[in-house]
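Participant: Let me begin by handing over the structure; questions about it come next.
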There are 2 protein chains.
Amino acid sequence: MSKLLENATNELQRLPGIGRRTALRLAMHILKMEPDTVDSLSTSLQRLRHDIRYCRSCNNLSDSELCPICSDPKRDRSVVCVVEQVGDLLSIENTGQYRGTYHVLGGVISPMQGIGPSDLKIDLLCDKLLTGEIREVIIAISTSVEGETTLFYLLNRLKAFPDVKVSTIARGIGFGDELEYVDELTITHALINRREIARD
Amino acid sequence: MSKLLENATNELQRLPGIGRRTALRLAMHILKMEPDTVDSLSTSLQRLRHDIRYCRSCNNLSDSELCPICSDPKRDRSVVCVVEQVGDLLSIENTGQYRGTYHVLGGVISPMQGIGPSDLKIDLLCDKLLTGEIREVIIAISTSVEGETTLFYLLNRLKAFPDVKVSTIARGIGFGDELEYVDELTITHALINRREIARD
């Protein structure tokens, strides 16, 4: 095989979810693309990796000091939603329903992977709370063992701010999920947190 | 969303089989990769597109004038396997069973897509046959309508070389295919081309 093709295939294969066959198919497609399109693809990947910055207020990915959300005057600065990673922030943004700001921890506490509280942006969150501007902290981190550990640690740290309301997003059966295939823990939580239907 | 992330996601989405979600997942992964790895990925794609050449003997992808197969003294130059595209060549190479050379047509005759015989490397094949070195031509093109058209056109051109043996690869039931799910045309061919089992 051509060394150039071999090389490109090997490099593409390092990406997650891309095996040998897919990498080869992508490489063959790239051969048929306009040279300019290939250049702009390549450049966008390099620029993404080299030029990206993290918002100094919320740790979101950003092109400048403050991310587009933190610098948007229309966002409600009194509510902060704490998420593990930028992907979670994007999922919430996609709903178009949330008008507050975020705080990206950059992971969860995981002794197995050597990630302790000091590796996460928890101090940055507390610094923001010290300004007194924030009224509510919504914690939206996963229900994994690591997520729960992080939740308890956060709740402990948030005790220093008794005037700030703290909430977590609701757990329950997702829309479109079939009860038959939902795990027991989710069903248990959904039962405990059942809502009464007003009858009149 | 960060413009850099948005850009990279849009560019990745142009690749075949990569939707918005996958593009975003890949971009997020790229953010976590070593900068050097991202550079070598980018560079390999650009070099693939800009520096690739086509073998002047067989039209295979190549890094130089002659592809690795045509310049390999151990390959049998008296047998040529005609394929549509480089992907087909790679599939045959992967079997490790073929020791002859190839000829890549670069497509099939398709009036619908405006591809005529002159758009394919058929003259180049005939030029090679004129040297008298080639003993057999194996035609390994697909059984689509366009493939069959191309086959008939090729057979016609090959009439000019009556001493050259011409064959096509066998059609039949693939190993592991369940008869229940094989199409009728394949079963018909498999029946017609049945092989007697020696009984002694």
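Identifiers for the structure tokens are assigned positionally: chains receive A, B, ... in sequence, residues are indexed from 1 per chain, and ligands are indexed from 1 in the order shown.
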Chain B residues within 6 Å of chain A, counting only C-alpha atoms: which ones, as a list in words?
Facilitator: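 Applying the cut-off to the listed atoms yields Ser2, Leu4, Ala8, Glu11, Leu31, Leu41, Ser42, Ser44, Leu45, Leu48, Arg49, Ser62 and Asp63 of chain B.
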Participant: Just the selected residues (N, CA and C atoms), exported as a PDB file, in the first residue's frame, please.
Facilitator:
ATOM      1  N   SER B   2     -17.796  27.439  21.419  1.00  0.00           N
ATOM      2  CA  SER B   2     -16.536  28.004  20.937  1.00  0.00           C
ATOM      3  C   SER B   2     -16.467  27.871  19.418  1.00  0.00           C
ATOM      4  N   LEU B   4     -13.895  27.673  17.505  1.00  0.00           N
ATOM      5  CA  LEU B   4     -12.902  26.676  17.102  1.00  0.00           C
ATOM      6  C   LEU B   4     -13.516  25.280  17.122  1.00  0.00           C
ATOM      7  N   ALA B   8     -14.282  22.896  13.803  1.00  0.00           N
ATOM      8  CA  ALA B   8     -13.731  21.546  13.685  1.00  0.00           C
ATOM      9  C   ALA B   8     -14.869  20.542  13.529  1.00  0.00           C
ATOM     10  N   GLU B  11     -16.276  20.691  10.022  1.00  0.00           N
ATOM     11  CA  GLU B  11     -15.361  20.094   9.036  1.00  0.00           C
ATOM     12  C   GLU B  11     -15.412  18.570   9.124  1.00  0.00           C
ATOM     13  N   LEU B  31      -9.365  17.418  21.433  1.00  0.00           N
ATOM     14  CA  LEU B  31      -8.960  18.370  22.468  1.00  0.00           C
ATOM     15  C   LEU B  31      -8.111  17.714  23.547  1.00  0.00           C
ATOM     16  N   LEU B  41      -1.713  13.836  12.685  1.00  0.00           N
ATOM     17  CA  LEU B  41      -2.971  13.474  12.010  1.00  0.00           C
ATOM     18  C   LEU B  41      -3.262  14.462  10.881  1.00  0.00           C
ATOM     19  N   SER B  42      -3.248  15.747  11.208  1.00  0.00           N
ATOM     20  CA  SER B  42      -3.538  16.789  10.216  1.00  0.00           C
ATOM     21  C   SER B  42      -2.603  16.718   9.035  1.00  0.00           C
ATOM     22  N   SER B  44      -0.814  14.232   8.003  1.00  0.00           N
ATOM     23  CA  SER B  44      -0.947  13.026   7.194  1.00  0.00           C
ATOM     24  C   SER B  44      -2.113  13.162   6.208  1.00  0.00           C
ATOM     25  N   LEU B  45      -3.194  13.852   6.623  1.00  0.00           N
ATOM     26  CA  LEU B  45      -4.341  14.027   5.723  1.00  0.00           C
ATOM     27  C   LEU B  45      -3.983  14.971   4.579  1.00  0.00           C
ATOM     28  N   LEU B  48      -1.540  13.221   2.269  1.00  0.00           N
ATOM     29  CA  LEU B  48      -2.261  12.212   1.482  1.00  0.00           C
ATOM     30  C   LEU B  48      -2.897  12.873   0.268  1.00  0.00           C
ATOM     31  N   ARG B  49      -3.602  13.994   0.514  1.00  0.00           N
ATOM     32  CA  ARG B  49      -4.340  14.626  -0.584  1.00  0.00           C
ATOM     33  C   ARG B  49      -3.421  15.310  -1.589  1.00  0.00           C
ATOM     34  N   SER B  62      -0.017   5.672  -5.372  1.00  0.00           N
ATOM     35  CA  SER B  62       1.420   5.448  -5.255  1.00  0.00           C
ATOM     36  C   SER B  62       2.114   6.664  -4.677  1.00  0.00           C
ATOM     37  N   ASP B  63       3.271   6.431  -4.071  1.00  0.00           N
ATOM     38  CA  ASP B  63       4.063   7.557  -3.575  1.00  0.00           C
ATOM     39  C   ASP B  63       5.071   7.997  -4.630  1.00  0.00           C
TER      40      ASP B  63
END
Participant: Env of stretch 158-174 of chain A: 8 Å cut, atoms = only C-alpha atoms, seq-sep filter 6 positions within chain, self excluded. Answer as a VMD selection string.
Facilitator: chain A and resid 126 129 134 to 140 182 186 to 187 189 to 190 193
Participant: Output N, CA and C atoms for every residue in the selection just made, as a PDB file, in the first residue's frame.
Facilitator:
ATOM      1  N   CYS A 126     -16.038  27.994  44.173  1.00  0.00           N
ATOM      2  CA  CYS A 126     -16.194  28.634  45.493  1.00  0.00           C
ATOM      3  C   CYS A 126     -15.841  30.118  45.431  1.00  0.00           C
ATOM      4  N   LEU A 129     -18.750  31.891  44.193  1.00  0.00           N
ATOM      5  CA  LEU A 129     -19.816  31.966  45.203  1.00  0.00           C
ATOM      6  C   LEU A 129     -19.530  33.058  46.223  1.00  0.00           C
ATOM      7  N   ILE A 134     -24.396  34.679  43.320  1.00  0.00           N
ATOM      8  CA  ILE A 134     -25.101  33.448  42.961  1.00  0.00           C
ATOM      9  C   ILE A 134     -26.139  33.047  43.994  1.00  0.00           C
ATOM     10  N   ARG A 135     -27.334  32.732  43.477  1.00  0.00           N
ATOM     11  CA  ARG A 135     -28.478  32.422  44.296  1.00  0.00           C
ATOM     12  C   ARG A 135     -28.712  30.913  44.347  1.00  0.00           C
ATOM     13  N   GLU A 136     -28.450  30.217  43.229  1.00  0.00           N
ATOM     14  CA  GLU A 136     -28.704  28.782  43.173  1.00  0.00           C
ATOM     15  C   GLU A 136     -27.603  28.040  42.417  1.00  0.00           C
ATOM     16  N   VAL A 137     -27.230  26.873  42.947  1.00  0.00           N
ATOM     17  CA  VAL A 137     -26.288  25.993  42.265  1.00  0.00           C
ATOM     18  C   VAL A 137     -27.034  24.709  41.909  1.00  0.00           C
ATOM     19  N   ILE A 138     -27.130  24.410  40.619  1.00  0.00           N
ATOM     20  CA  ILE A 138     -27.777  23.169  40.176  1.00  0.00           C
ATOM     21  C   ILE A 138     -26.670  22.169  39.858  1.00  0.00           C
ATOM     22  N   ILE A 139     -26.667  21.034  40.542  1.00  0.00           N
ATOM     23  CA  ILE A 139     -25.607  20.062  40.269  1.00  0.00           C
ATOM     24  C   ILE A 139     -26.118  19.036  39.267  1.00  0.00           C
ATOM     25  N   ALA A 140     -25.456  18.963  38.119  1.00  0.00           N
ATOM     26  CA  ALA A 140     -25.892  18.059  37.045  1.00  0.00           C
ATOM     27  C   ALA A 140     -24.751  17.119  36.692  1.00  0.00           C
ATOM     28  N   VAL A 182     -35.496  -0.299  31.602  1.00  0.00           N
ATOM     29  CA  VAL A 182     -34.859   0.682  32.474  1.00  0.00           C
ATOM     30  C   VAL A 182     -34.280  -0.044  33.696  1.00  0.00           C
ATOM     31  N   THR A 186     -32.899   3.320  38.637  1.00  0.00           N
ATOM     32  CA  THR A 186     -33.659   4.425  38.052  1.00  0.00           C
ATOM     33  C   THR A 186     -35.133   4.281  38.399  1.00  0.00           C
ATOM     34  N   ILE A 187     -35.660   3.043  38.282  1.00  0.00           N
ATOM     35  CA  ILE A 187     -37.076   2.828  38.598  1.00  0.00           C
ATOM     36  C   ILE A 187     -37.331   3.126  40.077  1.00  0.00           C
ATOM     37  N   HIS A 189     -35.705   5.191  42.048  1.00  0.00           N
ATOM     38  CA  HIS A 189     -35.709   6.648  42.232  1.00  0.00           C
ATOM     39  C   HIS A 189     -36.978   7.270  41.681  1.00  0.00           C
ATOM     40  N   ALA A 190     -37.424   6.755  40.537  1.00  0.00           N
ATOM     41  CA  ALA A 190     -38.620   7.308  39.894  1.00  0.00           C
ATOM     42  C   ALA A 190     -39.844   7.069  40.778  1.00  0.00           C
ATOM     43  N   ASN A 193     -39.533   9.408  43.949  1.00  0.00           N
ATOM     44  CA  ASN A 193     -39.780  10.807  43.595  1.00  0.00           C
ATOM     45  C   ASN A 193     -41.054  10.989  42.784  1.00  0.00           C
TER      46      ASN A 193
END
Participant: Can you tell me how far atom CA of A:Ser142 sits from atom CA of A:Ile192, in Å to one decimal?
Facilitator: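 It comes out at 18.8 Å.
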Participant: Apply DSSP to the backbone of this structure and, from stretch 79-115 of chain B, keep only the residues in alpha helix (DSSP H); write these as a compact mmCIF listing (two decimals) with C-alpha atoms, in the first residue's frame.
Facilitator:
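Wrote selection-v7.txt, looks like this:
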# COMPACT_ATOMS: atom_id res chain seq x y z
CA VAL B 86 -8.02 0.94 -5.23
CA GLY B 87 -10.25 -0.36 -2.42
CA ASP B 88 -10.89 -3.53 -4.43
CA LEU B 89 -7.16 -3.98 -4.98
CA LEU B 90 -6.56 -3.68 -1.25
CA SER B 91 -9.25 -6.29 -0.52
CA ILE B 92 -7.57 -8.76 -2.87
CA GLU B 93 -4.12 -7.93 -1.46
CA ASN B 94 -5.44 -8.63 2.04
CA THR B 95 -6.10 -12.25 1.10
Participant: Excluding B:Arg77 and its own-chain neighbours fewer than 2 positions away, which residues fall within 10 Å of it when counting only C-alpha atoms? Please give them as a PyMOL selection string.
Facilitator: chain B and resi 69-70+72-75+79-80+99-102+133-136
Participant: How would you write, as a VMD selection string, the set of residues in chain A that DSSP gives as strand (DSSP E or B)?
Facilitator: chain A and resid 53 to 54 61 to 62 76 to 83 100 to 104 110 115 136 to 139 165 to 168
Participant: Just to be explicit: take each residue in the selection above, keep C-alpha atoms, and write the result as a PDB file, in the first residue's frame.
Facilitator:
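Contents of again-v4.pdb, as written:
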ATOM      1  CA  ARG A  53      -8.638  28.225  25.787  1.00  0.00           C
ATOM      2  CA  TYR A  54     -10.667  27.690  28.904  1.00  0.00           C
ATOM      3  CA  LEU A  61     -14.027  25.767  26.157  1.00  0.00           C
ATOM      4  CA  SER A  62     -13.518  29.233  24.786  1.00  0.00           C
ATOM      5  CA  ASP A  76     -28.865  34.781  34.360  1.00  0.00           C
ATOM      6  CA  ARG A  77     -25.704  35.032  36.458  1.00  0.00           C
ATOM      7  CA  SER A  78     -27.534  34.155  39.669  1.00  0.00           C
ATOM      8  CA  VAL A  79     -27.932  30.475  38.679  1.00  0.00           C
ATOM      9  CA  VAL A  80     -24.947  28.190  38.042  1.00  0.00           C
ATOM     10  CA  CYS A  81     -25.260  24.671  36.666  1.00  0.00           C
ATOM     11  CA  VAL A  82     -22.292  22.454  37.630  1.00  0.00           C
ATOM     12  CA  VAL A  83     -21.364  19.812  35.023  1.00  0.00           C
ATOM     13  CA  GLY A 100     -28.366  30.506  33.660  1.00  0.00           C
ATOM     14  CA  THR A 101     -24.587  30.055  33.510  1.00  0.00           C
ATOM     15  CA  TYR A 102     -22.419  26.959  33.945  1.00  0.00           C
ATOM     16  CA  HIS A 103     -19.429  25.694  35.796  1.00  0.00           C
ATOM     17  CA  VAL A 104     -17.383  22.923  34.173  1.00  0.00           C
ATOM     18  CA  SER A 110     -11.808   9.214  40.860  1.00  0.00           C
ATOM     19  CA  ILE A 115      -8.161  12.391  40.158  1.00  0.00           C
ATOM     20  CA  GLU A 136     -28.704  28.782  43.173  1.00  0.00           C
ATOM     21  CA  VAL A 137     -26.288  25.993  42.265  1.00  0.00           C
ATOM     22  CA  ILE A 138     -27.777  23.169  40.176  1.00  0.00           C
ATOM     23  CA  ILE A 139     -25.607  20.062  40.269  1.00  0.00           C
ATOM     24  CA  LYS A 165     -29.860  27.097  47.232  1.00  0.00           C
ATOM     25  CA  VAL A 166     -28.446  23.770  46.011  1.00  0.00           C
ATOM     26  CA  SER A 167     -30.356  21.361  43.757  1.00  0.00           C
ATOM     27  CA  THR A 168     -29.654  18.347  41.539  1.00  0.00           C
TER      28      THR A 168
END
Participant: Applying 9 Å and only C-alpha atoms, which residues near A:Tyr153 remain after dropping the ones on its own chain fewer than 5 positions away? List them as a CSV table (one decimal) with N, CA and C atoms, in the first residue's frame.
Facilitator:
chain,number,residue,atom,x,y,z
A,109,ILE,N,-14.3,13.2,40.8
A,109,ILE,CA,-13.3,12.6,41.7
A,109,ILE,C,-13.2,11.1,41.4
A,117,PRO,N,-10.0,16.0,44.4
A,117,PRO,CA,-10.8,17.3,44.3
A,117,PRO,C,-9.9,18.4,43.8
A,148,GLU,N,-21.2,10.4,42.3
A,148,GLU,CA,-21.8,10.5,43.7
A,148,GLU,C,-20.8,11.0,44.7
A,158,LEU,N,-20.1,23.3,49.8
A,158,LEU,CA,-21.1,24.3,49.6
A,158,LEU,C,-21.8,24.7,51.0
Participant: In Å to one decimal, how far is atom CA of B:Thr149 from atom CA of B:Asp119?
Facilitator: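 Computed distance, atom CA of B:Asp119 to atom CA of B:Thr149, equals 14.2 Å.
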